[in-house]
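To be precise, the following lines are final20.txt, and they hold compact mmCIF, C-alpha atoms.
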```txt
# COMPACT_ATOMS: atom_id res chain seq x y z
CA MET A 1 63.25 128.78 -47.67
CA ILE A 2 64.73 131.20 -45.19
CA ILE A 3 63.26 134.70 -45.28
CA LYS A 4 65.06 137.53 -43.49
CA VAL A 5 62.85 140.12 -41.86
CA PHE A 6 63.92 143.50 -40.49
CA ALA A 7 63.08 146.13 -37.86
CA ASN A 8 59.54 145.86 -36.42
CA LEU A 9 58.71 142.83 -38.61
CA ARG A 10 60.97 140.89 -36.26
CA ASP A 11 58.61 141.57 -33.37
CA ILE A 12 55.74 140.20 -35.40
CA CYS A 13 57.61 137.15 -36.66
CA GLY A 14 59.32 136.50 -33.34
CA GLY A 15 62.81 136.34 -34.82
CA VAL A 16 65.14 137.60 -37.51
CA THR A 17 64.44 134.84 -40.02
CA VAL A 18 61.40 132.81 -40.91
CA GLU A 19 61.57 129.40 -42.53
CA VAL A 20 58.74 128.71 -44.96
CA ILE A 21 57.74 126.03 -47.41
CA PRO A 22 55.71 127.98 -49.99
CA GLN A 23 52.87 126.41 -51.98
CA GLY A 24 54.13 127.99 -55.20
CA ASN A 25 57.12 129.83 -56.63
CA ARG A 26 56.02 133.46 -56.44
CA VAL A 27 56.87 136.04 -53.77
CA MET A 28 53.14 136.19 -52.98
CA ASP A 29 53.14 132.45 -52.19
CA ILE A 30 55.84 133.04 -49.62
CA LEU A 31 54.01 135.99 -48.06
CA GLU A 32 50.78 133.98 -47.85
CA VAL A 33 52.47 131.24 -45.86
CA MET A 34 54.08 133.81 -43.59
CA ILE A 35 50.80 135.64 -43.00
CA LYS A 36 49.05 132.39 -42.17
CA ARG A 37 51.61 131.83 -39.44
CA PHE A 38 51.85 135.47 -38.30
CA PRO A 39 48.45 137.07 -39.00
CA ASP A 40 49.61 140.53 -37.77
CA LEU A 41 52.03 140.62 -40.66
CA GLU A 42 49.24 141.15 -43.18
CA ASN A 43 48.26 144.61 -41.97
CA GLU A 44 51.91 145.54 -41.75
CA ILE A 45 52.94 144.68 -45.30
CA LEU A 46 49.86 144.34 -47.54
CA THR A 47 47.09 146.74 -48.54
CA SER A 48 43.45 145.63 -48.59
CA ASN A 49 43.90 144.89 -52.33
CA LYS A 50 46.69 142.43 -51.54
CA THR A 51 49.39 144.63 -52.97
CA LEU A 52 52.57 145.47 -51.14
CA LYS A 53 52.22 148.62 -49.04
CA PRO A 54 54.27 151.42 -50.62
CA PHE A 55 56.62 151.57 -47.68
CA VAL A 56 57.55 147.89 -47.60
CA HIS A 57 60.30 146.49 -49.82
CA VAL A 58 61.09 142.90 -50.71
CA TYR A 59 64.55 142.09 -52.03
CA ILE A 60 65.55 138.90 -53.82
CA ASN A 61 69.35 138.53 -53.82
CA GLY A 62 69.63 142.26 -53.26
CA GLN A 63 67.23 143.24 -56.04
CA ASN A 64 64.00 145.02 -55.20
CA ILE A 65 61.02 143.11 -56.63
CA ILE A 66 59.54 146.41 -57.88
CA HIS A 67 62.19 146.14 -60.62
CA ALA A 68 61.01 142.62 -61.45
CA ASP A 69 57.39 141.39 -61.44
CA GLY A 70 56.46 142.61 -57.98
CA LEU A 71 54.63 140.04 -55.92
CA GLU A 72 54.44 137.79 -59.01
CA THR A 73 58.23 137.58 -59.21
CA HIS A 74 59.46 133.99 -59.29
CA VAL A 75 61.75 132.78 -56.55
CA HIS A 76 64.16 129.89 -56.45
CA LEU A 77 65.04 127.67 -53.54
CA ASN A 78 68.46 129.22 -52.98
CA ASP A 79 67.40 132.85 -53.34
CA GLN A 80 68.12 135.22 -50.48
CA ILE A 81 64.87 136.94 -49.62
CA ALA A 82 64.61 139.95 -47.33
CA ILE A 83 61.61 142.02 -46.26
CA PHE A 84 62.30 145.58 -45.15
CA PRO A 85 60.02 148.20 -43.73
CA PRO A 86 61.68 151.58 -44.24
CA VAL A 87 63.48 153.07 -41.27
CA ALA A 88 63.39 156.86 -41.35
CA GLY A 89 64.79 157.84 -37.96
CA GLY A 90 68.02 159.62 -37.49
CA MET B 1 98.92 170.64 -31.28
CA LYS B 2 101.49 168.48 -33.05
CA ASP B 3 100.24 165.36 -31.33
CA ARG B 4 96.62 166.04 -31.93
CA TYR B 5 96.18 163.45 -34.69
CA SER B 6 99.12 161.21 -33.81
CA ARG B 7 97.01 158.14 -32.94
CA GLN B 8 95.03 158.49 -36.12
CA THR B 9 98.09 158.90 -38.35
CA LEU B 10 99.67 155.85 -36.68
CA PHE B 11 96.74 153.86 -38.02
CA PRO B 12 98.04 152.43 -41.34
CA GLY B 13 94.75 152.99 -43.17
CA ILE B 14 95.15 156.75 -42.74
CA GLY B 15 98.80 157.62 -42.10
CA LYS B 16 100.25 161.13 -42.48
CA LYS B 17 99.20 161.31 -46.12
CA GLY B 18 95.64 160.36 -45.30
CA GLN B 19 95.50 162.92 -42.49
CA GLU B 20 96.73 165.61 -44.85
CA LYS B 21 93.92 164.71 -47.26
CA ILE B 22 91.30 164.63 -44.50
CA SER B 23 92.33 168.13 -43.41
CA GLN B 24 91.64 169.50 -46.89
CA LYS B 25 88.19 168.01 -47.30
CA HIS B 26 84.72 169.46 -46.90
CA VAL B 27 81.87 167.38 -45.43
CA LEU B 28 78.19 168.24 -45.72
CA ILE B 29 76.04 166.84 -42.91
CA ILE B 30 72.28 167.03 -43.44
CA GLY B 31 70.55 167.04 -40.08
CA ALA B 32 71.96 167.77 -36.64
CA GLY B 33 69.87 165.39 -34.56
CA ALA B 34 71.25 162.15 -33.16
CA LEU B 35 73.14 160.96 -36.25
CA GLY B 36 74.15 164.49 -37.25
CA SER B 37 75.63 165.46 -33.90
CA GLY B 38 77.57 162.19 -33.60
CA ASN B 39 78.88 162.30 -37.16
CA ALA B 40 79.86 165.95 -36.75
CA GLU B 41 81.70 165.30 -33.49
CA VAL B 42 83.68 162.33 -34.85
CA LEU B 43 84.69 164.16 -38.03
CA THR B 44 85.53 167.36 -36.14
CA ARG B 45 87.79 165.40 -33.79
CA ALA B 46 89.30 163.59 -36.81
CA GLY B 47 90.33 166.95 -38.25
CA ALA B 48 88.20 167.35 -41.39
CA GLY B 49 88.90 170.66 -43.12
CA LYS B 50 85.38 172.05 -43.19
CA ILE B 51 81.99 170.80 -42.06
CA THR B 52 78.70 172.30 -43.17
CA LEU B 53 75.77 171.37 -40.97
CA ILE B 54 72.13 171.98 -41.98
CA ASP B 55 69.23 171.62 -39.54
CA ARG B 56 65.77 173.19 -39.12
CA ASP B 57 64.98 172.24 -35.49
CA TYR B 58 65.78 173.60 -32.07
CA VAL B 59 67.06 171.59 -29.10
CA GLU B 60 64.38 169.92 -26.96
CA GLU B 61 64.66 168.00 -23.72
CA SER B 62 63.83 164.65 -25.33
CA ASN B 63 66.91 165.07 -27.57
CA LEU B 64 69.42 164.95 -24.70
CA GLN B 65 69.22 161.17 -24.23
CA ARG B 66 71.06 160.57 -27.53
CA GLN B 67 72.04 163.81 -29.28
CA GLN B 68 75.55 164.08 -27.96
CA LEU B 69 76.43 167.70 -28.74
CA TYR B 70 73.62 169.27 -26.71
CA THR B 71 73.21 170.32 -23.10
CA GLU B 72 70.40 171.34 -20.76
CA GLU B 73 71.40 174.94 -21.31
CA ASP B 74 70.73 174.57 -25.04
CA VAL B 75 67.24 173.31 -24.15
CA TRP B 76 66.53 176.26 -21.83
CA GLU B 77 67.70 178.66 -24.50
CA LYS B 78 65.76 176.77 -27.19
CA LEU B 79 68.86 177.09 -29.39
CA PRO B 80 68.62 175.97 -32.99
CA LYS B 81 70.52 172.70 -33.28
CA ALA B 82 72.81 174.01 -36.01
CA ALA B 83 73.84 176.93 -33.76
CA ALA B 84 74.29 174.85 -30.59
CA ALA B 85 76.28 172.26 -32.57
CA LYS B 86 78.62 174.88 -34.03
CA LYS B 87 79.35 176.28 -30.56
CA ARG B 88 80.27 172.84 -29.22
CA LEU B 89 82.23 171.74 -32.31
CA ASN B 90 84.29 174.95 -32.26
CA ALA B 91 85.16 174.23 -28.63
CA ILE B 92 86.20 170.66 -29.54
CA ASN B 93 88.48 171.54 -32.45
CA SER B 94 89.12 175.14 -33.47
CA ASP B 95 91.08 174.00 -36.55
CA VAL B 96 87.93 172.79 -38.25
CA GLU B 97 85.77 175.37 -39.99
CA ILE B 98 82.13 174.79 -39.05
CA ILE B 99 79.47 176.34 -41.25
CA SER B 100 76.00 176.07 -39.75
CA ILE B 101 72.81 176.63 -41.68
CA ILE B 102 69.55 176.92 -39.78
CA GLY B 103 66.78 175.82 -42.12
CA ASP B 104 65.27 173.12 -44.25
CA ALA B 105 67.56 171.11 -46.55
CA THR B 106 65.45 171.90 -49.61
CA PRO B 107 66.74 171.13 -53.14
CA GLU B 108 67.58 174.85 -53.51
CA VAL B 109 69.67 174.83 -50.34
CA LEU B 110 71.39 171.61 -51.43
CA GLU B 111 72.18 173.14 -54.85
CA ASP B 112 73.69 176.17 -53.09
CA GLN B 113 75.82 174.11 -50.72
CA ILE B 114 77.05 171.24 -52.89
CA LYS B 115 79.98 173.04 -54.52
CA GLY B 116 83.31 171.77 -53.20
CA ILE B 117 81.73 169.05 -51.04
CA ASP B 118 83.66 165.75 -50.85
CA VAL B 119 81.07 163.62 -49.07
CA ILE B 120 77.49 164.07 -47.84
CA ILE B 121 76.35 162.42 -44.63
CA ASP B 122 72.69 161.61 -44.28
CA ALA B 123 71.51 162.40 -40.78
CA THR B 124 67.92 163.22 -41.65
CA ASP B 125 64.76 161.68 -40.25
CA ASN B 126 62.72 161.46 -43.44
CA PHE B 127 62.83 159.92 -46.90
CA GLU B 128 61.92 163.03 -48.83
CA THR B 129 65.17 164.77 -47.88
CA ARG B 130 67.10 161.53 -48.44
CA MET B 131 65.78 161.28 -52.00
CA ALA B 132 66.81 164.93 -52.61
CA ILE B 133 70.28 164.17 -51.19
CA ASN B 134 70.40 161.12 -53.47
CA ASP B 135 69.62 163.22 -56.56
CA ILE B 136 72.08 165.99 -55.68
CA SER B 137 74.75 163.33 -55.09
CA GLN B 138 74.17 161.84 -58.55
CA LYS B 139 73.92 165.22 -60.27
CA TYR B 140 77.23 166.50 -58.87
CA ASN B 141 78.99 163.14 -58.54
CA VAL B 142 79.48 163.39 -54.77
CA PRO B 143 79.27 160.23 -52.61
CA TRP B 144 76.78 160.08 -49.76
CA ILE B 145 76.33 157.80 -46.79
CA TYR B 146 72.81 156.70 -45.86
CA GLY B 147 72.15 155.95 -42.23
CA ALA B 148 68.96 155.39 -40.25
CA CYS B 149 67.92 153.90 -36.97
CA VAL B 150 64.88 153.19 -34.85
CA GLY B 151 64.53 151.21 -31.63
CA SER B 152 67.64 149.04 -31.35
CA PHE B 153 67.89 148.67 -35.12
CA GLY B 154 70.11 150.57 -37.51
CA MET B 155 71.29 150.44 -41.10
CA SER B 156 73.77 152.10 -43.40
CA PHE B 157 74.76 152.06 -47.04
CA THR B 158 77.42 154.01 -48.91
CA ILE B 159 76.32 155.37 -52.27
CA ILE B 160 79.06 156.13 -54.78
CA PRO B 161 77.74 157.66 -58.03
CA GLY B 162 78.64 155.55 -61.05
CA LYS B 163 79.55 152.55 -58.92
CA THR B 164 76.87 151.50 -56.46
CA PRO B 165 73.09 151.50 -56.84
CA CYS B 166 71.49 154.70 -55.54
CA LEU B 167 68.67 155.07 -53.01
CA ASN B 168 66.15 155.52 -55.79
CA CYS B 169 67.26 152.13 -57.29
CA LEU B 170 66.70 150.56 -53.88
CA LEU B 171 63.34 152.14 -53.12
CA ARG B 172 61.98 153.72 -56.32
CA THR B 173 59.20 155.47 -54.42
CA ILE B 174 59.34 157.62 -51.34
CA PRO B 175 57.97 155.50 -48.52
CA MET B 176 54.85 157.16 -47.17
CA GLN B 177 55.26 156.10 -43.61
CA GLY B 178 58.74 155.33 -42.36
CA MET B 179 59.34 154.44 -38.77
CA THR B 180 60.90 157.32 -36.88
CA CYS B 181 62.38 157.76 -33.42
CA ASP B 182 59.22 159.64 -32.45
CA THR B 183 57.02 156.69 -33.33
CA GLY B 184 59.26 153.69 -32.65
CA GLY B 185 61.54 154.97 -29.87
CA ILE B 186 65.32 154.73 -29.99
CA ILE B 187 68.22 153.71 -27.79
CA SER B 188 71.46 155.64 -28.03
CA PRO B 189 73.69 152.62 -28.83
CA ALA B 190 71.74 152.08 -32.07
CA VAL B 191 72.52 155.68 -33.00
CA GLN B 192 76.19 155.25 -32.12
CA MET B 193 76.48 152.10 -34.20
CA VAL B 194 75.11 153.87 -37.28
CA ILE B 195 77.44 156.82 -36.62
CA ALA B 196 80.39 154.41 -36.42
CA HIS B 197 79.47 152.88 -39.79
CA GLN B 198 78.92 156.25 -41.42
CA THR B 199 82.07 157.94 -40.10
CA ALA B 200 84.33 154.98 -40.89
CA GLU B 201 83.13 155.16 -44.50
CA ALA B 202 83.47 158.95 -44.50
CA LEU B 203 87.09 158.72 -43.28
CA LYS B 204 87.88 156.25 -46.08
CA ILE B 205 86.43 158.68 -48.63
CA LEU B 206 88.20 161.69 -47.11
CA ALA B 207 91.53 159.82 -46.95
CA GLU B 208 90.86 158.65 -50.53
CA ASP B 209 91.06 154.95 -49.65
CA TYR B 210 88.19 153.98 -51.95
CA GLU B 211 89.30 150.34 -52.11
CA SER B 212 88.37 149.87 -48.47
CA LEU B 213 84.77 151.08 -48.80
CA ARG B 214 82.11 148.58 -47.78
CA ASN B 215 79.96 147.66 -50.76
CA SER B 216 77.12 146.02 -48.89
CA PHE B 217 74.01 147.27 -47.16
CA VAL B 218 74.60 146.68 -43.48
CA SER B 219 71.99 146.41 -40.75
CA PHE B 220 72.11 145.40 -37.13
CA ASP B 221 69.90 145.00 -34.13
CA LEU B 222 71.73 145.61 -30.87
CA TRP B 223 68.95 144.23 -28.68
CA ARG B 224 68.55 141.00 -30.63
CA ASN B 225 72.28 140.71 -31.37
CA GLN B 226 71.88 140.43 -35.12
CA TYR B 227 74.21 141.69 -37.82
CA THR B 228 73.34 141.40 -41.48
CA SER B 229 75.08 142.52 -44.60
CA MET B 230 73.46 142.34 -48.01
CA LYS B 231 75.20 142.71 -51.37
CA MET B 232 73.32 145.28 -53.38
CA SER B 233 75.27 145.21 -56.64
CA LYS B 234 72.32 143.67 -58.50
CA ALA B 235 70.02 146.46 -57.34
CA LYS B 236 71.45 149.02 -59.82
CA PHE B 237 68.60 149.83 -62.16
CA SER B 238 69.39 151.21 -65.61
CA GLY B 239 65.99 152.90 -65.85
CA CYS B 240 66.52 154.74 -62.57
CA LEU B 241 65.54 158.41 -62.89
CA SER B 242 68.23 159.44 -60.41
CA CYS B 243 71.26 157.47 -61.65
CA GLY B 244 70.17 155.67 -64.83
CA ASP B 245 70.71 156.40 -68.52
CA ASN B 246 67.88 158.93 -68.84
CA ARG B 247 68.04 160.65 -65.52
CA THR B 248 65.87 163.60 -64.56
CA TYR B 249 66.71 163.98 -60.85
CA PRO B 250 63.00 163.96 -59.96
CA TYR B 251 63.49 164.77 -56.29
CA LEU B 252 65.20 168.06 -57.01
CA ASP B 253 61.97 169.18 -58.62
CA ARG B 254 59.92 171.39 -56.32
CA ASP B 255 56.72 169.58 -57.30
CA SER B 256 57.92 166.32 -55.81
CA MET B 257 58.42 167.89 -52.41
CA THR B 258 56.01 167.97 -49.51
CA LYS B 259 53.82 171.02 -49.92
CA THR B 260 53.35 173.22 -46.92
CA MET B 261 50.97 176.16 -46.87
CA LEU B 262 49.66 178.47 -44.23
CA LEU B 263 45.89 178.33 -44.14
CA CYS B 264 44.51 181.81 -44.43
CA GLY B 265 43.18 183.43 -41.27
CA ARG B 266 43.89 180.41 -39.13
CA ASP B 267 46.80 179.46 -36.96
CA THR B 268 47.14 176.35 -39.11
CA VAL B 269 49.56 174.90 -41.62
CA GLN B 270 48.48 172.35 -44.18
CA ILE B 271 50.91 169.70 -45.31
CA ARG B 272 50.44 167.58 -48.38
CA PRO B 273 52.83 164.69 -49.02
CA PRO B 274 54.48 164.39 -52.46
CA VAL B 275 52.94 161.02 -53.18
CA THR B 276 49.42 160.04 -52.36
CA GLY B 277 48.59 156.68 -50.97
CA GLU B 278 46.71 155.28 -48.08
CA ILE B 279 48.17 155.31 -44.61
CA SER B 280 46.86 153.09 -41.86
CA LEU B 281 45.30 155.47 -39.34
CA GLU B 282 44.47 152.63 -36.99
CA GLN B 283 48.05 151.47 -36.85
CA LEU B 284 49.37 155.01 -36.43
CA ALA B 285 46.84 155.71 -33.67
CA GLY B 286 48.03 152.59 -31.85
CA GLN B 287 51.69 153.59 -32.11
CA LEU B 288 51.04 157.16 -30.99
CA SER B 289 48.88 156.27 -28.01
CA THR B 290 51.52 153.81 -26.79
CA LEU B 291 53.89 156.76 -26.80
CA GLY B 292 51.55 158.78 -24.62
CA TYR B 293 50.02 161.07 -27.25
CA LYS B 294 46.33 161.81 -26.83
CA VAL B 295 44.79 160.46 -30.01
CA LYS B 296 41.21 160.68 -31.23
CA GLY B 297 40.08 159.34 -34.53
CA ASN B 298 37.37 158.34 -36.89
CA PRO B 299 37.61 156.34 -40.13
CA TYR B 300 38.66 159.46 -42.05
CA LEU B 301 41.14 161.22 -39.83
CA LEU B 302 43.20 161.11 -36.71
CA SER B 303 43.61 164.00 -34.29
CA VAL B 304 46.78 164.03 -32.21
CA GLU B 305 47.25 166.38 -29.26
CA MET B 306 50.84 167.52 -28.98
CA GLU B 307 52.58 169.75 -26.48
CA LYS B 308 51.51 172.98 -28.14
CA GLU B 309 49.96 171.99 -31.42
CA ARG B 310 47.25 169.67 -32.59
CA MET B 311 47.79 167.63 -35.72
CA VAL B 312 45.02 166.20 -37.81
CA ILE B 313 46.11 163.47 -40.20
CA PHE B 314 43.98 162.34 -43.11
CA LYS B 315 44.03 158.92 -44.73
CA ASP B 316 45.81 160.19 -47.85
CA GLY B 317 48.68 161.49 -45.74
CA ARG B 318 47.55 165.12 -45.76
CA ALA B 319 47.73 166.86 -42.40
CA LEU B 320 46.69 170.06 -40.72
CA ILE B 321 48.82 171.40 -37.94
CA HIS B 322 46.91 173.74 -35.68
CA GLY B 323 48.57 176.17 -33.33
CA THR B 324 51.46 177.28 -35.53
CA LYS B 325 52.10 179.62 -38.44
CA ASP B 326 55.65 178.42 -38.93
CA LEU B 327 55.81 176.33 -42.11
CA THR B 328 59.21 174.78 -41.34
CA HIS B 329 58.21 173.90 -37.79
CA ALA B 330 54.96 172.35 -39.01
CA LYS B 331 56.77 170.25 -41.61
CA SER B 332 59.20 169.10 -38.96
CA ILE B 333 56.33 167.98 -36.68
CA TYR B 334 54.75 166.19 -39.62
CA GLN B 335 57.90 164.30 -40.61
CA ARG B 336 58.61 163.43 -37.00
CA ILE B 337 55.35 161.51 -36.89
CA LEU B 338 55.07 160.26 -40.46
CA GLY B 339 58.73 159.91 -41.44
```
Structure rendered as structure tokens:
Amino acid sequence: MIIKVFANLRDICGGVTVEVIPQGNRVMDILEVMIKRFPDLENEILTSNKTLKPFVHVYINGQNIIHADGLETHVHLNDQIAIFPPVAGG
Amino acid sequence: MKDRYSRQTLFPGIGKKGQEKISQKHVLIIGAGALGSGNAEVLTRAGAGKITLIDRDYVEESNLQRQQLYTEEDVWEKLPKAAAAKKRLNAINSDVEIISIIGDATPEVLEDQIKGIDVIIDATDNFETRMAINDISQKYNVPWIYGACVGSFGMSFTIIPGKTPCLNCLLRTIPMQGMTCDTGGIISPAVQMVIAHQTAEALKILAEDYESLRNSFVSFDLWRNQYTSMKMSKAKFSGCLSCGDNRTYPYLDRDSMTKTMLLCGRDTVQIRPPVTGEISLEQLAGQLSTLGYKVKGNPYLLSVEMEKERMVIFKDGRALIHGTKDLTHAKSIYQRILG
């Protein structure tokens, strides 16, 4: 699966997309694979209780997972997944 | 000045009819920093009827690299941005009425200013004000154009009440710690790219060419040469408290706002964020020391030496700003660091 990452997450992941083969079909499974490859990502997006930090948003096909089952939300092979940290500057 | 808008009216998307419409419209720009000054200049040159500009800061030297309306003289005079912007905009186009408001864009101020507004442009540097703009937009059925940038990265989204999802659908909570230009740096081209996206959408709204509006969330990275557009139509959330069936406009409620209070007998302002959560002090300390701030910390708090003030940030997002009694100034320092 191709995951799009934005803003400073690109520095951590070394690019604008990350290709992963998750070990399951939940958002969390994808994040776990990504964190394994880019350990700095963990502190950036997850709290110590393994929940998404309140200022990080994951979208599946344009829908925020907070409106679905959060990190337990199921994903499909063709879904477009994007991880956004909020950008406040202006 | 018959020829003033000739090149713009030659453009088929606008034409003479569109120009006539633009000249009768009123734009509200929240913030007169980088995005605000650029948006205001473009729309002043384009001949909008009226522009109201709200900003609480004064011009500082570090603004000049990207905030296109300001000069060194404005820095020496420590002019409020709204005042300096009005002076420059009047000199650019005397046909446009510029109304400048020096102060915080609180829900009360937004309620006072919203009447007769055709589009709101977001040029703020924090999510709290954006959520208030989002609620006022839904309450009075006025479109608004979100824009933000940091580093070489920028994004924009046009929010049309009743049609597109709103910012609350997209985020649902106010992010505690957004990246700002004071923490992540910024290059001027990223600002200009966001301004271009915002003003193009604004001109479509002012010229009443709603068909041409972009319906996707656009983001780009000018250093990494990446352009992304995401459809957001599925993001509309019927339970949204800002635009859903049972809306309450929660961010127009005073209780949801950042609380500022002057601490008695001390030259200190306390700031309490509207939502509590844990911020990563370690990460923030790293970012701030890279930027040259003197930072000292322990597991409970972080002390940041600034030019005149000292800010102490607690894990729950609460902060004390020492060395000032000015609530608005203190809040501005706070949001500059914590977004």
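Going from CA of Val75 (chain B) to CA of Asp57 (chain B) covers 11.6 Å.
CA of Asp255 (chain B) is found 28.1 Å from CA of Ser156 (chain B).
Distance-wise, CA of Arg26 (chain A) and CA of Phe153 (chain B) end up 28.8 Å apart.
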Inset, instruction - Considering all atoms listed in the file, return as a PyMOL selection string whatever protein or nucleic-acid residues lie within 7 Å of Val295 (chain B), sequence-local ones (same chain, fewer than 4 positions apart) excluded. - result: chain B and resi 285+289+302-305
Inset, instruction - Within 7 Å of Ala84 (chain B), counting only C-alpha atoms, which residues show up once you throw out same-chain ones fewer than 4 positions away? Write them as a ChimeraX atom specification, please. - result: /B:70,74,79-80,88
Deliver the residues from the most recent selection as a file, using C-alpha atoms, as a PDB file, keeping the file's coordinate frame.
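Final output, part.pdb:
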```
ATOM      1  CA  TYR B  70      73.620 169.270 -26.710  1.00  0.00           C
ATOM      2  CA  ASP B  74      70.730 174.570 -25.040  1.00  0.00           C
ATOM      3  CA  LEU B  79      68.860 177.090 -29.390  1.00  0.00           C
ATOM      4  CA  PRO B  80      68.620 175.970 -32.990  1.00  0.00           C
ATOM      5  CA  ARG B  88      80.270 172.840 -29.220  1.00  0.00           C
TER       6      ARG B  88
END
```
Taking a cut-off of 9 Å and counting only C-alpha atoms, can you build a table that, for each residue of chain A near chain B, reports the nearest atom pair and how far apart they are in Å (one decimal), sorted by chain then residue number, as a tab-separated table?
```
residue	atom	partner	partner_atom	distance
A:Phe6	CA	B:Phe153	CA	8.4
A:Ala7	CA	B:Phe153	CA	6.1
A:Asn8	CA	B:Gly184	CA	8.7
A:Gly15	CA	B:Arg224	CA	8.5
A:Val16	CA	B:Gln226	CA	7.7
A:Asn43	CA	B:Gln283	CA	8.6
A:Glu44	CA	B:Gln283	CA	8.6
A:Thr47	CA	B:Glu278	CA	8.6
A:Lys53	CA	B:Glu278	CA	8.7
A:Pro54	CA	B:Pro175	CA	5.9
A:Phe55	CA	B:Pro175	CA	4.2
A:Val56	CA	B:Pro175	CA	7.7
A:His57	CA	B:Leu171	CA	7.2
A:Tyr59	CA	B:Ala235	CA	8.8
A:Asn61	CA	B:Lys234	CA	7.6
A:Gly62	CA	B:Met232	CA	4.8
A:Gln63	CA	B:Ala235	CA	4.5
A:Asn64	CA	B:Leu170	CA	6.3
A:Ile66	CA	B:Arg172	CA	7.9
A:His67	CA	B:Phe237	CA	7.6
A:Pro85	CA	B:Gly178	CA	7.4
A:Pro86	CA	B:Gly178	CA	5.1
A:Val87	CA	B:Met179	CA	5.0
A:Ala88	CA	B:Gly178	CA	5.0
A:Gly89	CA	B:Thr180	CA	4.1
A:Gly90	CA	B:Asp125	CA	4.7
```
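Using all atoms listed in the file, the residues found no farther than 9 Å from Arg45 (chain B), other than those of its own chain fewer than 5 positions away, are Tyr5, Ala40, Leu89, Ile92, Asn93 and Val96 of chain B.
When the distance limit is 8 Å and all atoms listed in the file are what count, the residues near Glu60 (chain B), minus those fewer than 2 positions from it on the same chain, are B:Tyr58, B:Ser62, B:Asn63, B:Leu64, B:Val75, B:Lys78.
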Inset, instruction - Have a look at B:Trp223, B:Ser242, B:Glu309, B:Lys21 and name the one nearest to Arg10 (chain A); count all atoms listed in the file. - result: B:Trp223
Inset, instruction - Determine, counting all atoms listed in the file, which protein, DNA and RNA residues have an atom within 12 Å of an atom of Glu108 (chain B); residues of the same chain fewer than 6 positions away are not included. Present the result as an MDAnalysis selection string. - result: chainID B and resid 114 129 132:133 136 251:254 257
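Distance annotation: of A:Ile35, A:Leu71, A:Ile21, A:Leu9, the residue with the minimal separation from Val58 (chain A) is A:Leu71; atom set is all atoms listed in the file.
Take the candidates B:Glu20, B:Glu307, B:Asp118, B:Glu41 and check each one against Lys87 (chain B) using all atoms listed in the file; the shortest distance goes to B:Glu41.
Selection around (83.1, 157.4, -46.8) with radius 9 Å, counting only C-alpha atoms, yields the residues Val119, Ile120, Ile121, Pro143, Trp144, Ile145, Thr158, Ile159, Gln198, Thr199, Ala200, Glu201, Ala202, Leu203, Lys204, Ile205, Leu206, Ala207, Glu208, Asp209, Tyr210, Leu213 and Arg214 of chain B.
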Selection file, C-alpha atoms, as a compact mmCIF listing (two decimals), in the frame of the given file:
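Saved the output as result05.txt:
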```txt
# COMPACT_ATOMS: atom_id res chain seq x y z
CA VAL B 119 81.07 163.62 -49.07
CA ILE B 120 77.49 164.07 -47.84
CA ILE B 121 76.35 162.42 -44.63
CA PRO B 143 79.27 160.23 -52.61
CA TRP B 144 76.78 160.08 -49.76
CA ILE B 145 76.33 157.80 -46.79
CA THR B 158 77.42 154.01 -48.91
CA ILE B 159 76.32 155.37 -52.27
CA GLN B 198 78.92 156.25 -41.42
CA THR B 199 82.07 157.94 -40.10
CA ALA B 200 84.33 154.98 -40.89
CA GLU B 201 83.13 155.16 -44.50
CA ALA B 202 83.47 158.95 -44.50
CA LEU B 203 87.09 158.72 -43.28
CA LYS B 204 87.88 156.25 -46.08
CA ILE B 205 86.43 158.68 -48.63
CA LEU B 206 88.20 161.69 -47.11
CA ALA B 207 91.53 159.82 -46.95
CA GLU B 208 90.86 158.65 -50.53
CA ASP B 209 91.06 154.95 -49.65
CA TYR B 210 88.19 153.98 -51.95
CA LEU B 213 84.77 151.08 -48.80
CA ARG B 214 82.11 148.58 -47.78
```
Inset, instruction - May I have the protein, DNA and RNA residues with any atom at most 9 Å from the point (76.5, 152.9, -60.7), counting all atoms listed in the file, written as a VMD selection string? - result: chain B and resid 159 to 166 233 236 to 238 243 to 244
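Nearest residue to Thr324 (chain B) among B:Lys139, B:Arg310, B:His26, B:Lys294 is B:Arg310, counting all atoms listed in the file.
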